[in-house]
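J.: work_19.pdb is reproduced in full below (PDB, C-alpha atoms).
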```pdb
ATOM      1  CA  MET A   1     -72.371 100.503 -36.139
ATOM      2  CA  ASP A   2     -69.431 100.444 -33.709
ATOM      3  CA  TYR A   3     -69.373 103.350 -31.309
ATOM      4  CA  HIS A   4     -66.436 104.847 -29.477
ATOM      5  CA  LYS A   5     -66.120 103.418 -25.971
ATOM      6  CA  ASN A   6     -66.508 106.929 -24.518
ATOM      7  CA  ALA A   7     -69.338 108.030 -26.811
ATOM      8  CA  ARG A   8     -71.829 110.201 -24.960
ATOM      9  CA  THR A   9     -74.827 109.358 -27.119
ATOM     10  CA  MET A  10     -76.175 106.275 -28.838
ATOM     11  CA  VAL A  11     -79.121 105.971 -31.216
ATOM     12  CA  TRP A  12     -81.559 105.368 -28.379
ATOM     13  CA  SER A  13     -80.311 108.363 -26.334
ATOM     14  CA  ARG A  14     -80.381 110.599 -29.401
ATOM     15  CA  GLU A  15     -83.959 109.575 -30.059
ATOM     16  CA  GLU A  16     -84.889 110.283 -26.452
ATOM     17  CA  MET A  17     -83.288 113.721 -26.689
ATOM     18  CA  ALA A  18     -85.150 114.510 -29.913
ATOM     19  CA  LYS A  19     -88.499 113.329 -28.552
ATOM     20  CA  ARG A  20     -87.950 115.408 -25.420
ATOM     21  CA  VAL A  21     -87.832 118.518 -27.612
ATOM     22  CA  ILE A  22     -90.399 117.603 -30.287
ATOM     23  CA  GLU A  23     -93.030 115.771 -28.269
ATOM     24  CA  ARG A  24     -92.620 117.087 -24.736
ATOM     25  CA  GLY A  25     -91.833 120.691 -25.499
ATOM     26  CA  SER A  26     -88.430 120.891 -23.786
ATOM     27  CA  THR A  27     -85.922 123.423 -24.954
ATOM     28  CA  LEU A  28     -82.701 122.449 -26.672
ATOM     29  CA  ALA A  29     -80.730 123.544 -23.608
ATOM     30  CA  GLU A  30     -82.842 121.367 -21.296
ATOM     31  CA  ALA A  31     -82.569 118.323 -23.593
ATOM     32  CA  ALA A  32     -78.821 118.855 -23.984
ATOM     33  CA  ALA A  33     -78.321 119.113 -20.218
ATOM     34  CA  ALA A  34     -80.284 115.889 -19.675
ATOM     35  CA  ALA A  35     -78.081 114.060 -22.211
ATOM     36  CA  ASN A  36     -74.897 115.757 -20.951
ATOM     37  CA  VAL A  37     -74.063 117.215 -24.368
ATOM     38  CA  SER A  38     -73.914 120.719 -25.809
ATOM     39  CA  ALA A  39     -76.950 122.539 -27.167
ATOM     40  CA  LYS A  40     -75.318 122.483 -30.616
ATOM     41  CA  THR A  41     -75.132 118.692 -30.503
ATOM     42  CA  ALA A  42     -78.727 118.478 -29.363
ATOM     43  CA  ALA A  43     -79.819 120.740 -32.217
ATOM     44  CA  LYS A  44     -78.008 118.494 -34.730
ATOM     45  CA  TRP A  45     -79.779 115.316 -33.613
ATOM     46  CA  VAL A  46     -83.158 116.988 -33.260
ATOM     47  CA  GLY A  47     -82.837 118.356 -36.800
ATOM     48  CA  ARG A  48     -81.890 114.985 -38.244
ATOM     49  CA  TYR A  49     -84.747 113.289 -36.413
ATOM     50  CA  ARG A  50     -87.254 115.792 -37.803
ATOM     51  CA  GLN A  51     -85.901 115.265 -41.329
ATOM     52  CA  LEU A  52     -85.228 111.495 -41.491
ATOM     53  CA  GLY A  53     -86.737 109.973 -38.389
ATOM     54  CA  GLN A  54     -84.850 107.246 -36.527
ATOM     55  CA  ALA A  55     -82.700 106.496 -39.607
ATOM     56  CA  GLY A  56     -81.143 109.931 -39.302
ATOM     57  CA  LEU A  57     -79.740 109.166 -35.851
ATOM     58  CA  VAL A  58     -77.133 106.654 -37.105
ATOM     59  CA  ASP A  59     -73.525 107.836 -37.333
ATOM     60  CA  ARG A  60     -72.500 108.926 -40.795
ATOM     61  CA  SER A  61     -69.195 108.221 -42.525
ATOM     62  CA  CYS A  62     -66.481 110.831 -42.062
ATOM     63  CA  ARG A  63     -65.395 110.414 -45.666
ATOM     64  CA  PRO A  64     -66.050 113.537 -47.733
ATOM     65  CA  LEU A  65     -68.706 113.274 -50.416
ATOM     66  CA  ARG A  66     -66.441 114.914 -52.954
ATOM     67  CA  LEU A  67     -62.656 115.343 -53.102
ATOM     68  CA  ARG A  68     -61.579 118.880 -53.883
ATOM     69  CA  ARG A  69     -58.650 117.825 -56.112
ATOM     70  CA  PRO A  70     -58.891 114.123 -56.983
ATOM     71  CA  THR A  71     -55.916 112.555 -58.765
ATOM     72  CA  SER A  72     -56.670 112.173 -62.447
ATOM     73  CA  PRO A  73     -56.806 108.643 -63.888
ATOM     74  CA  ASP A  74     -53.962 109.460 -66.303
ATOM     75  CA  LEU A  75     -51.715 110.555 -63.437
ATOM     76  CA  ALA A  76     -52.583 107.459 -61.415
ATOM     77  CA  GLU A  77     -51.690 105.329 -64.442
ATOM     78  CA  ARG A  78     -48.345 107.106 -64.687
ATOM     79  CA  VAL A  79     -47.670 106.373 -61.026
ATOM     80  CA  GLU A  80     -48.305 102.688 -61.683
ATOM     81  CA  THR A  81     -46.125 102.702 -64.810
ATOM     82  CA  LEU A  82     -43.196 104.253 -62.954
ATOM     83  CA  ARG A  83     -43.637 101.820 -60.084
ATOM     84  CA  ARG A  84     -43.432  98.884 -62.458
ATOM     85  CA  GLU A  85     -40.109 100.311 -63.603
ATOM     86  CA  ARG A  86     -38.919  99.821 -60.000
ATOM     87  CA  TRP A  87     -39.108 103.496 -59.026
ATOM     88  CA  THR A  88     -39.374 104.296 -55.331
ATOM     89  CA  GLY A  89     -42.327 106.232 -53.934
ATOM     90  CA  LEU A  90     -40.183 109.300 -53.286
ATOM     91  CA  ARG A  91     -38.863 109.352 -56.832
ATOM     92  CA  ILE A  92     -42.369 108.946 -58.257
ATOM     93  CA  ALA A  93     -43.624 111.820 -56.110
ATOM     94  CA  GLN A  94     -40.797 114.069 -57.329
ATOM     95  CA  ALA A  95     -41.424 113.173 -60.978
ATOM     96  CA  THR A  96     -45.206 113.557 -60.902
ATOM     97  CA  GLY A  97     -45.553 116.466 -58.510
ATOM     98  CA  LEU A  98     -47.793 114.446 -56.192
ATOM     99  CA  SER A  99     -47.248 114.202 -52.472
ATOM    100  CA  ARG A 100     -45.641 111.060 -51.095
ATOM    101  CA  ALA A 101     -48.859 110.295 -49.214
ATOM    102  CA  THR A 102     -50.893 110.438 -52.442
ATOM    103  CA  VAL A 103     -48.418 108.189 -54.234
ATOM    104  CA  SER A 104     -48.539 105.782 -51.311
ATOM    105  CA  ARG A 105     -52.350 105.635 -51.416
ATOM    106  CA  ILE A 106     -52.366 105.011 -55.171
ATOM    107  CA  LEU A 107     -49.818 102.195 -54.833
ATOM    108  CA  ARG A 108     -51.700 100.681 -51.926
ATOM    109  CA  ARG A 109     -54.988 100.672 -53.835
ATOM    110  CA  ARG A 110     -53.265  98.986 -56.775
ATOM    111  CA  LYS A 111     -51.461  96.511 -54.494
ATOM    112  CA  LEU A 112     -48.004  97.713 -55.518
ATOM    113  CA  SER A 113     -46.749  99.015 -52.168
ATOM    114  CA  ARG A 114     -44.003  96.401 -51.820
ATOM    115  CA  MET A 115     -41.347  95.629 -54.379
ATOM    116  CA  ARG A 116     -42.156  91.943 -54.183
ATOM    117  CA  ASP A 117     -45.685  92.754 -55.396
ATOM    118  CA  LEU A 118     -44.181  93.628 -58.778
ATOM    119  CA  GLU A 119     -43.074  90.046 -59.394
ATOM    120  CA  PRO A 120     -45.843  87.520 -60.018
ATOM    121  CA  ARG A 121     -45.732  84.710 -57.504
ATOM    122  CA  PRO A 122     -44.905  81.333 -58.985
ATOM    123  CA  PRO A 123     -47.940  79.088 -59.109
ATOM    124  CA  VAL A 124     -48.258  76.451 -56.413
ATOM    125  CA  LEU A 125     -47.567  73.111 -58.059
ATOM    126  CA  ARG A 126     -48.722  70.301 -55.816
ATOM    127  CA  TYR A 127     -47.780  66.814 -56.867
ATOM    128  CA  GLU A 128     -48.075  63.317 -55.498
ATOM    129  CA  HIS A 129     -46.678  60.139 -56.963
ATOM    130  CA  ALA A 130     -49.081  57.330 -57.650
ATOM    131  CA  ALA A 131     -47.717  54.621 -55.360
ATOM    132  CA  PRO A 132     -45.494  54.094 -52.311
ATOM    133  CA  GLY A 133     -41.867  53.712 -53.344
ATOM    134  CA  ASP A 134     -42.050  56.011 -56.364
ATOM    135  CA  LEU A 135     -40.073  58.780 -54.656
ATOM    136  CA  LEU A 136     -38.302  59.225 -51.310
ATOM    137  CA  HIS A 137     -37.661  62.740 -49.986
ATOM    138  CA  LEU A 138     -34.502  63.231 -47.897
ATOM    139  CA  ASP A 139     -33.436  66.237 -45.857
ATOM    140  CA  ILE A 140     -31.358  67.236 -42.808
ATOM    141  CA  LYS A 141     -32.182  69.553 -39.908
ATOM    142  CA  LYS A 142     -29.456  70.858 -37.579
ATOM    143  CA  LEU A 143     -30.433  71.075 -33.912
ATOM    144  CA  GLY A 144     -28.483  72.021 -30.835
ATOM    145  CA  ARG A 145     -27.315  69.121 -28.695
ATOM    146  CA  ILE A 146     -29.179  68.881 -25.378
ATOM    147  CA  ALA A 147     -27.011  69.053 -22.265
ATOM    148  CA  LYS A 148     -29.834  70.263 -20.029
ATOM    149  CA  PRO A 149     -33.315  71.754 -20.531
ATOM    150  CA  GLY A 150     -32.792  74.926 -22.593
ATOM    151  CA  HIS A 151     -34.385  78.345 -22.642
ATOM    152  CA  ARG A 152     -36.543  77.563 -25.668
ATOM    153  CA  VAL A 153     -38.685  75.149 -23.655
ATOM    154  CA  THR A 154     -38.273  76.529 -20.139
ATOM    155  CA  GLY A 155     -38.794  80.159 -21.132
ATOM    156  CA  ASN A 156     -35.938  81.275 -18.867
ATOM    157  CA  PRO A 157     -33.083  83.087 -20.678
ATOM    158  CA  ALA A 158     -30.717  81.943 -17.920
ATOM    159  CA  ASP A 159     -31.100  78.363 -19.188
ATOM    160  CA  ARG A 160     -29.397  79.181 -22.473
ATOM    161  CA  THR A 161     -26.619  76.671 -23.215
ATOM    162  CA  ARG A 162     -23.503  77.344 -25.279
ATOM    163  CA  ARG A 163     -20.679  75.326 -26.780
ATOM    164  CA  VAL A 164     -22.453  71.976 -26.436
ATOM    165  CA  GLY A 165     -22.311  71.271 -30.163
ATOM    166  CA  TRP A 166     -24.847  70.215 -32.748
ATOM    167  CA  GLU A 167     -26.616  67.087 -33.837
ATOM    168  CA  TYR A 168     -28.267  66.452 -37.179
ATOM    169  CA  VAL A 169     -31.729  65.006 -37.658
ATOM    170  CA  HIS A 170     -31.819  63.135 -40.972
ATOM    171  CA  VAL A 171     -35.355  62.682 -42.270
ATOM    172  CA  ALA A 172     -36.967  60.607 -45.004
ATOM    173  CA  ILE A 173     -40.578  60.652 -46.156
ATOM    174  CA  ASP A 174     -42.369  58.654 -48.812
ATOM    175  CA  ASP A 175     -43.998  60.948 -51.361
ATOM    176  CA  HIS A 176     -47.233  58.973 -51.735
ATOM    177  CA  SER A 177     -47.993  57.625 -48.270
ATOM    178  CA  ARG A 178     -46.185  60.275 -46.132
ATOM    179  CA  ILE A 179     -44.675  57.477 -44.030
ATOM    180  CA  ALA A 180     -41.651  59.053 -42.373
ATOM    181  CA  PHE A 181     -38.386  57.789 -40.941
ATOM    182  CA  SER A 182     -35.797  59.776 -39.030
ATOM    183  CA  ALA A 183     -32.546  59.263 -37.149
ATOM    184  CA  ILE A 184     -30.066  61.520 -35.369
ATOM    185  CA  PHE A 185     -26.404  61.601 -36.442
ATOM    186  CA  PRO A 186     -23.472  63.631 -35.080
ATOM    187  CA  ASP A 187     -22.817  65.275 -38.475
ATOM    188  CA  GLU A 188     -24.134  65.743 -42.021
ATOM    189  CA  THR A 189     -21.207  64.253 -43.912
ATOM    190  CA  ALA A 190     -21.531  61.959 -46.907
ATOM    191  CA  ALA A 191     -20.801  58.942 -44.715
ATOM    192  CA  SER A 192     -23.683  59.828 -42.389
ATOM    193  CA  THR A 193     -26.117  60.433 -45.256
ATOM    194  CA  VAL A 194     -25.234  57.083 -46.819
ATOM    195  CA  ALA A 195     -25.637  55.337 -43.466
ATOM    196  CA  PHE A 196     -29.006  56.986 -42.945
ATOM    197  CA  LEU A 197     -30.117  56.059 -46.444
ATOM    198  CA  GLY A 198     -29.386  52.415 -45.672
ATOM    199  CA  GLN A 199     -31.371  52.600 -42.417
ATOM    200  CA  ALA A 200     -34.291  54.295 -44.135
ATOM    201  CA  LEU A 201     -34.490  51.790 -46.987
ATOM    202  CA  ALA A 202     -34.364  48.916 -44.496
ATOM    203  CA  TYR A 203     -37.211  50.469 -42.496
ATOM    204  CA  TYR A 204     -39.398  50.902 -45.557
ATOM    205  CA  ALA A 205     -38.527  47.419 -46.834
ATOM    206  CA  ARG A 206     -40.045  45.954 -43.657
ATOM    207  CA  LEU A 207     -43.284  47.652 -44.706
ATOM    208  CA  GLY A 208     -43.011  46.231 -48.209
ATOM    209  CA  ILE A 209     -41.991  49.559 -49.779
ATOM    210  CA  HIS A 210     -39.037  49.591 -52.199
ATOM    211  CA  PHE A 211     -37.916  52.841 -53.793
ATOM    212  CA  ARG A 212     -36.928  53.742 -57.313
ATOM    213  CA  ALA A 213     -35.900  57.393 -56.899
ATOM    214  CA  LEU A 214     -34.682  59.949 -54.353
ATOM    215  CA  LEU A 215     -35.207  63.697 -54.101
ATOM    216  CA  THR A 216     -32.731  65.797 -52.109
ATOM    217  CA  ASP A 217     -31.488  69.354 -51.930
ATOM    218  CA  ASN A 218     -28.084  70.414 -53.237
ATOM    219  CA  GLY A 219     -26.152  70.016 -49.987
ATOM    220  CA  PRO A 220     -22.498  68.896 -50.195
ATOM    221  CA  ALA A 221     -23.265  65.491 -48.711
ATOM    222  CA  TYR A 222     -25.913  64.748 -51.316
ATOM    223  CA  ARG A 223     -23.673  66.053 -54.117
ATOM    224  CA  SER A 224     -20.739  63.922 -53.005
ATOM    225  CA  ARG A 225     -19.323  61.044 -55.016
ATOM    226  CA  HIS A 226     -19.802  58.741 -52.039
ATOM    227  CA  PHE A 227     -23.563  59.334 -52.018
ATOM    228  CA  ALA A 228     -23.796  59.121 -55.822
ATOM    229  CA  ARG A 229     -22.013  55.767 -55.767
ATOM    230  CA  ALA A 230     -24.385  54.493 -53.064
ATOM    231  CA  CYS A 231     -27.401  55.480 -55.189
ATOM    232  CA  ARG A 232     -25.982  53.662 -58.203
ATOM    233  CA  ASP A 233     -25.290  50.547 -56.168
ATOM    234  CA  LEU A 234     -28.846  50.592 -54.821
ATOM    235  CA  GLY A 235     -30.382  51.221 -58.239
ATOM    236  CA  LEU A 236     -31.867  54.567 -57.177
ATOM    237  CA  LYS A 237     -32.334  57.515 -59.496
ATOM    238  CA  HIS A 238     -31.170  60.632 -57.667
ATOM    239  CA  ARG A 239     -32.980  63.924 -58.363
ATOM    240  CA  PHE A 240     -32.094  67.340 -56.977
ATOM    241  CA  THR A 241     -34.329  70.254 -56.060
ATOM    242  CA  GLN A 242     -34.043  73.577 -57.818
ATOM    243  CA  PRO A 243     -31.367  75.660 -56.011
ATOM    244  CA  TYR A 244     -32.706  78.090 -53.397
ATOM    245  CA  THR A 245     -36.199  76.653 -53.787
ATOM    246  CA  PRO A 246     -37.018  74.677 -50.626
ATOM    247  CA  ARG A 247     -40.686  74.346 -51.630
ATOM    248  CA  THR A 248     -39.552  71.839 -54.281
ATOM    249  CA  ASN A 249     -38.896  69.452 -51.404
ATOM    250  CA  GLY A 250     -41.981  70.636 -49.546
ATOM    251  CA  LYS A 251     -43.047  67.324 -48.022
ATOM    252  CA  ALA A 252     -39.715  66.946 -46.205
ATOM    253  CA  GLU A 253     -39.764  70.609 -45.155
ATOM    254  CA  ARG A 254     -43.284  70.244 -43.773
ATOM    255  CA  PHE A 255     -42.354  67.064 -41.922
ATOM    256  CA  ILE A 256     -39.413  68.851 -40.282
ATOM    257  CA  ARG A 257     -41.686  71.665 -39.164
ATOM    258  CA  THR A 258     -44.133  69.168 -37.670
ATOM    259  CA  ALA A 259     -41.304  67.328 -35.921
ATOM    260  CA  LEU A 260     -40.053  70.541 -34.344
ATOM    261  CA  GLN A 261     -43.541  71.414 -33.091
ATOM    262  CA  GLU A 262     -44.611  67.998 -31.869
ATOM    263  CA  TRP A 263     -41.307  66.414 -30.842
ATOM    264  CA  ALA A 264     -38.234  68.652 -30.535
ATOM    265  CA  TYR A 265     -39.848  71.602 -28.733
ATOM    266  CA  ALA A 266     -43.003  69.919 -27.456
ATOM    267  CA  ARG A 267     -41.592  68.804 -24.095
ATOM    268  CA  ILE A 268     -38.569  69.170 -21.849
ATOM    269  CA  TYR A 269     -35.727  66.680 -22.358
ATOM    270  CA  GLN A 270     -32.982  66.262 -19.790
ATOM    271  CA  ASP A 271     -30.393  65.310 -22.413
ATOM    272  CA  SER A 272     -30.029  64.316 -26.063
ATOM    273  CA  GLU A 273     -30.425  60.614 -25.351
ATOM    274  CA  GLN A 274     -33.878  61.175 -23.929
ATOM    275  CA  GLY A 275     -34.761  63.191 -27.019
ATOM    276  CA  LYS A 276     -33.585  60.376 -29.308
ATOM    277  CA  GLU A 277     -35.722  57.832 -27.464
ATOM    278  CA  GLN A 278     -38.763  60.075 -27.687
ATOM    279  CA  LEU A 279     -38.176  60.613 -31.408
ATOM    280  CA  GLN A 280     -38.853  56.951 -32.179
ATOM    281  CA  THR A 281     -42.018  56.978 -30.057
ATOM    282  CA  TRP A 282     -43.224  60.093 -31.823
ATOM    283  CA  LEU A 283     -42.425  58.641 -35.273
ATOM    284  CA  HIS A 284     -44.552  55.593 -34.511
ATOM    285  CA  ASP A 285     -47.454  57.829 -33.545
ATOM    286  CA  TYR A 286     -46.897  59.992 -36.659
ATOM    287  CA  ASN A 287     -46.989  57.027 -39.042
ATOM    288  CA  TRP A 288     -49.656  54.883 -37.395
ATOM    289  CA  HIS A 289     -52.037  57.101 -35.450
ATOM    290  CA  ARG A 290     -51.775  60.782 -36.414
ATOM    291  CA  PRO A 291     -54.377  61.866 -39.016
ATOM    292  CA  HIS A 292     -53.073  63.986 -41.891
ATOM    293  CA  ALA A 293     -55.039  66.727 -43.586
ATOM    294  CA  SER A 294     -53.260  66.016 -46.889
ATOM    295  CA  LEU A 295     -54.473  62.406 -46.685
ATOM    296  CA  ASN A 296     -58.102  63.329 -45.988
ATOM    297  CA  GLN A 297     -57.511  62.813 -42.242
ATOM    298  CA  ASN A 298     -56.175  59.288 -42.729
ATOM    299  CA  THR A 299     -52.898  57.971 -41.323
ATOM    300  CA  PRO A 300     -49.814  57.432 -43.521
ATOM    301  CA  ILE A 301     -49.764  53.699 -42.834
ATOM    302  CA  SER A 302     -53.247  53.434 -44.376
ATOM    303  CA  ARG A 303     -51.639  54.253 -47.741
ATOM    304  CA  ALA A 304     -48.765  51.828 -47.476
ATOM    305  CA  GLY A 305     -50.603  48.866 -48.936
ATOM    306  CA  VAL A 306     -49.420  46.675 -46.047
ATOM    307  CA  ASP A 307     -50.822  43.152 -45.939
ATOM    308  CA  ARG A 308     -53.510  43.085 -43.251
ATOM    309  CA  ASN A 309     -52.090  39.792 -41.948
ATOM    310  CA  ASN A 310     -48.793  41.554 -41.150
ATOM    311  CA  LEU A 311     -50.311  44.800 -39.936
ATOM    312  CA  LEU A 312     -50.570  43.853 -36.259
ATOM    313  CA  THR A 313     -47.039  42.437 -36.211
ATOM    314  CA  LEU A 314     -45.535  45.555 -37.737
ATOM    315  CA  HIS A 315     -47.520  47.811 -35.432
ATOM    316  CA  THR A 316     -46.400  46.116 -32.231
ATOM    317  CA  ARG A 317     -42.724  45.955 -33.260
ATOM    318  CA  ARG A 318     -42.397  49.750 -33.620
ATOM    319  CA  GLU A 319     -39.502  49.506 -35.996
ATOM    320  CA  SER A 320     -36.737  52.101 -35.564
TER
END
```
Please, can you express the file's structure as structure tokens?
T.:
Amino acid sequence: MDYHKNARTMVWSREEMAKRVIERGSTLAEAAAAANVSAKTAAKWVGRYRQLGQAGLVDRSCRPLRLRRPTSPDLAERVETLRRERWTGLRIAQATGLSRATVSRILRRRKLSRMRDLEPRPPVLRYEHAAPGDLLHLDIKKLGRIAKPGHRVTGNPADRTRRVGWEYVHVAIDDHSRIAFSAIFPDETAASTVAFLGQALAYYARLGIHFRALLTDNGPAYRSRHFARACRDLGLKHRFTQPYTPRTNGKAERFIRTALQEWAYARIYQDSEQGKEQLQTWLHDYNWHRPHASLNQNTPISRAGVDRNNLLTLHTRRES
């Protein structure tokens, strides 16, 4: 039992007070004065001790044993029915004659307090392709260009920078192995996405991974004719995520979140060039040394199927 920090009595002090009266012959006033409580309080604990012994000295729940006017099951069902018709709590209270607090308690017990609780959540569909090269996830993250250490890493609002522009981190991740590749471009145009795609495929080719399909969001660059033509020329099947459903491309989204935590905002960079250099170092660590929970704490490179004779060479080159 948790007691209030300013509680005057605990079980042991209540027992001492009761024994003082029952066994030692003290009066209730004397026992109350010794415990620094009122005589009424002393009488309560002495009475409970006589009736139940030490078990009667534990705090009891403040909840009433019986509600004077409990809400009928039929009325509670009506509250739920109206809620499922998208009625607000106030409107339900007016229609049923219940107080808003009662309606709120009924909805809370039935887990219908929020409108979003009325819609069933879509099931989590986790998937993983069978082999490296089956599917390549692509995405883009816009970050502010670094002119000097900013307020997000220094914690000083005075370090906020403005009008320095943006740079775009293009990311690629293999669906099966989680091997990632990333590069920073000045924009997110079709030309930049095609250039990044070429760099990414070359990087994976050095690891012996050749792709058959891509998965991207519905951004203008990925929907462009220039990018579609590049996919046809490379023999890649291009798939798109469901609109407004970023979880469809969850592996790329999760990689971006990890990159922000462990690279972009993990340390102070003096300028963008220093950040770009550190990105390649971090990518090497991500692919070769960082254990992944989704891979049973193994590294992505362990799933690449790389020839062991070439493993040391590829590791020391730190391809970018």
J.: On this structure, which residues satisfy the PyMOL selection byres ((chain A and resi 214) around 10), written as a ChimeraX atom specification?
T.: /A:133-138,172,174-175,197,211-213,215-216,231,236-240
J.: Between atom CA of A:Ala191 and atom CA of A:Ala230, what is the distance in Å, rounded to a tenth?
T.: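 So the two atoms, atom CA of A:Ala191 and atom CA of A:Ala230, lie 10.1 Å apart.
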J.: Would you translate the PyMOL selection byres ((chain A and resi 82) around 12) into the concrete set of residues it matches in this file, as a ChimeraX atom specification?
T.: /A:75-81,83-96,103,107,112,118
J.: Atom CA of A:Arg223 and atom CA of A:Leu143, how far apart in Å?
T.: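 So the answer is 21.9 Å.
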J.: Pull out every residue that the PyMOL selection byres ((chain A and resi 256) around 12) matches in the shown coordinates and put them as an NGL selection string.
T.: :A and (137-143 or 168-173 or 180-182 or 249-255 or 257-265 or 283)
J.: Dump as a PDB file with C-alpha atoms, in the frame of the given file all residues having an atom at most 12 Å from (-88.8, 112.2, -27.1), computed in the file's coordinates with all atoms listed in the file.
T.:
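Written output follows (out.pdb):
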```
ATOM      1  CA  TRP A  12     -81.559 105.368 -28.379  1.00  0.00           C
ATOM      2  CA  SER A  13     -80.311 108.363 -26.334  1.00  0.00           C
ATOM      3  CA  ARG A  14     -80.381 110.599 -29.401  1.00  0.00           C
ATOM      4  CA  GLU A  15     -83.959 109.575 -30.059  1.00  0.00           C
ATOM      5  CA  GLU A  16     -84.889 110.283 -26.452  1.00  0.00           C
ATOM      6  CA  MET A  17     -83.288 113.721 -26.689  1.00  0.00           C
ATOM      7  CA  ALA A  18     -85.150 114.510 -29.913  1.00  0.00           C
ATOM      8  CA  LYS A  19     -88.499 113.329 -28.552  1.00  0.00           C
ATOM      9  CA  ARG A  20     -87.950 115.408 -25.420  1.00  0.00           C
ATOM     10  CA  VAL A  21     -87.832 118.518 -27.612  1.00  0.00           C
ATOM     11  CA  ILE A  22     -90.399 117.603 -30.287  1.00  0.00           C
ATOM     12  CA  GLU A  23     -93.030 115.771 -28.269  1.00  0.00           C
ATOM     13  CA  ARG A  24     -92.620 117.087 -24.736  1.00  0.00           C
ATOM     14  CA  GLY A  25     -91.833 120.691 -25.499  1.00  0.00           C
ATOM     15  CA  SER A  26     -88.430 120.891 -23.786  1.00  0.00           C
ATOM     16  CA  THR A  27     -85.922 123.423 -24.954  1.00  0.00           C
ATOM     17  CA  LEU A  28     -82.701 122.449 -26.672  1.00  0.00           C
ATOM     18  CA  ALA A  31     -82.569 118.323 -23.593  1.00  0.00           C
ATOM     19  CA  ALA A  34     -80.284 115.889 -19.675  1.00  0.00           C
ATOM     20  CA  ALA A  35     -78.081 114.060 -22.211  1.00  0.00           C
ATOM     21  CA  TRP A  45     -79.779 115.316 -33.613  1.00  0.00           C
ATOM     22  CA  VAL A  46     -83.158 116.988 -33.260  1.00  0.00           C
ATOM     23  CA  TYR A  49     -84.747 113.289 -36.413  1.00  0.00           C
ATOM     24  CA  ARG A  50     -87.254 115.792 -37.803  1.00  0.00           C
ATOM     25  CA  GLY A  53     -86.737 109.973 -38.389  1.00  0.00           C
ATOM     26  CA  GLN A  54     -84.850 107.246 -36.527  1.00  0.00           C
TER      27      GLN A  54
END
```
J.: Which one of A:Ala202, A:Ile268, A:Ile106, A:Leu207 sits closest to A:Pro132 if you count all atoms listed in the file?
T.: A:Leu207
J.: Please, what distance in Å, to one decimal, runs between atom CA of A:Gly219 and atom CA of A:Thr241?
T.: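 These two atoms are separated by 10.2 Å.
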J.: Could you list, with a cut-off of 8 Å and counting only C-alpha atoms, the residues of stretch 214-303 of chain A near stretch 146-167 of chain A, each shown with its nearest atom pair and the distance in Å rounded to one decimal, rows sorted by chain and ascending number, as JSON lines?
T.:
```
{"residue": "A:Tyr265", "atom": "CA", "partner": "A:Val153", "partner_atom": "CA", "distance": 6.3}
{"residue": "A:Ala266", "atom": "CA", "partner": "A:Val153", "partner_atom": "CA", "distance": 7.8}
{"residue": "A:Arg267", "atom": "CA", "partner": "A:Val153", "partner_atom": "CA", "distance": 7.0}
{"residue": "A:Ile268", "atom": "CA", "partner": "A:Pro149", "partner_atom": "CA", "distance": 6.0}
{"residue": "A:Tyr269", "atom": "CA", "partner": "A:Pro149", "partner_atom": "CA", "distance": 5.9}
{"residue": "A:Gln270", "atom": "CA", "partner": "A:Lys148", "partner_atom": "CA", "distance": 5.1}
{"residue": "A:Asp271", "atom": "CA", "partner": "A:Ile146", "partner_atom": "CA", "distance": 4.8}
{"residue": "A:Ser272", "atom": "CA", "partner": "A:Ile146", "partner_atom": "CA", "distance": 4.7}
```
J.: Write the selection just made, keeping C-alpha atoms, as a CSV table (one decimal), in the frame of the given file?
T.:
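Once written, out_17.csv looks like this:
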```csv
chain,number,residue,atom,x,y,z
A,265,TYR,CA,-39.8,71.6,-28.7
A,266,ALA,CA,-43.0,69.9,-27.5
A,267,ARG,CA,-41.6,68.8,-24.1
A,268,ILE,CA,-38.6,69.2,-21.8
A,269,TYR,CA,-35.7,66.7,-22.4
A,270,GLN,CA,-33.0,66.3,-19.8
A,271,ASP,CA,-30.4,65.3,-22.4
A,272,SER,CA,-30.0,64.3,-26.1
```
J.: In terms of the shortest atom-to-atom distance over all atoms listed in the file, which of A:Ala190, A:Ile179, A:Ala101, A:Ala221 is closest to A:Tyr203?
T.: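 Ranking A:Ala190, A:Ile179, A:Ala101, A:Ala221 by distance to A:Tyr203, first place goes to A:Ile179.
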J.: Put the listed atoms of stretch 21-31 of chain A in a box along x, y and z with 3 Å added on every side and give me the centre and edge lengths in Å to one decimal, as JSON.
T.:
```
{"center_x": -86.9, "center_y": 119.7, "center_z": -25.8, "size_x": 18.3, "size_y": 13.8, "size_z": 15.0}
```
J.: Kindly indicate which residue among A:Arg114, A:Arg178, A:Arg68, A:Lys44 lies nearest to A:Tyr286, using all atoms listed in the file for the distances.
T.: A:Arg178
J.: Identify which of the residues A:Thr299, A:Ser192, A:Thr41, A:Thr9 lies closest to A:His176, counting all atoms listed in the file when measuring atom-to-atom distances.
T.: A:Thr299
J.: Choose the residue, out of A:Ala55, A:Ala33, A:Leu125, A:Ile301, that has the smallest atom-to-atom separation from A:Trp288; count all atoms listed in the file.
T.: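 Ranking A:Ala55, A:Ala33, A:Leu125, A:Ile301 by distance to A:Trp288, first place goes to A:Ile301.
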J.: Using only C-alpha atoms, pick whichever of A:Gln280, A:Asn296, A:Asp74, A:Val11 has the shortest atom-to-atom distance to A:Gly56.
T.: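 Checking each candidate against A:Gly56, we get A:Val11 as the closest.
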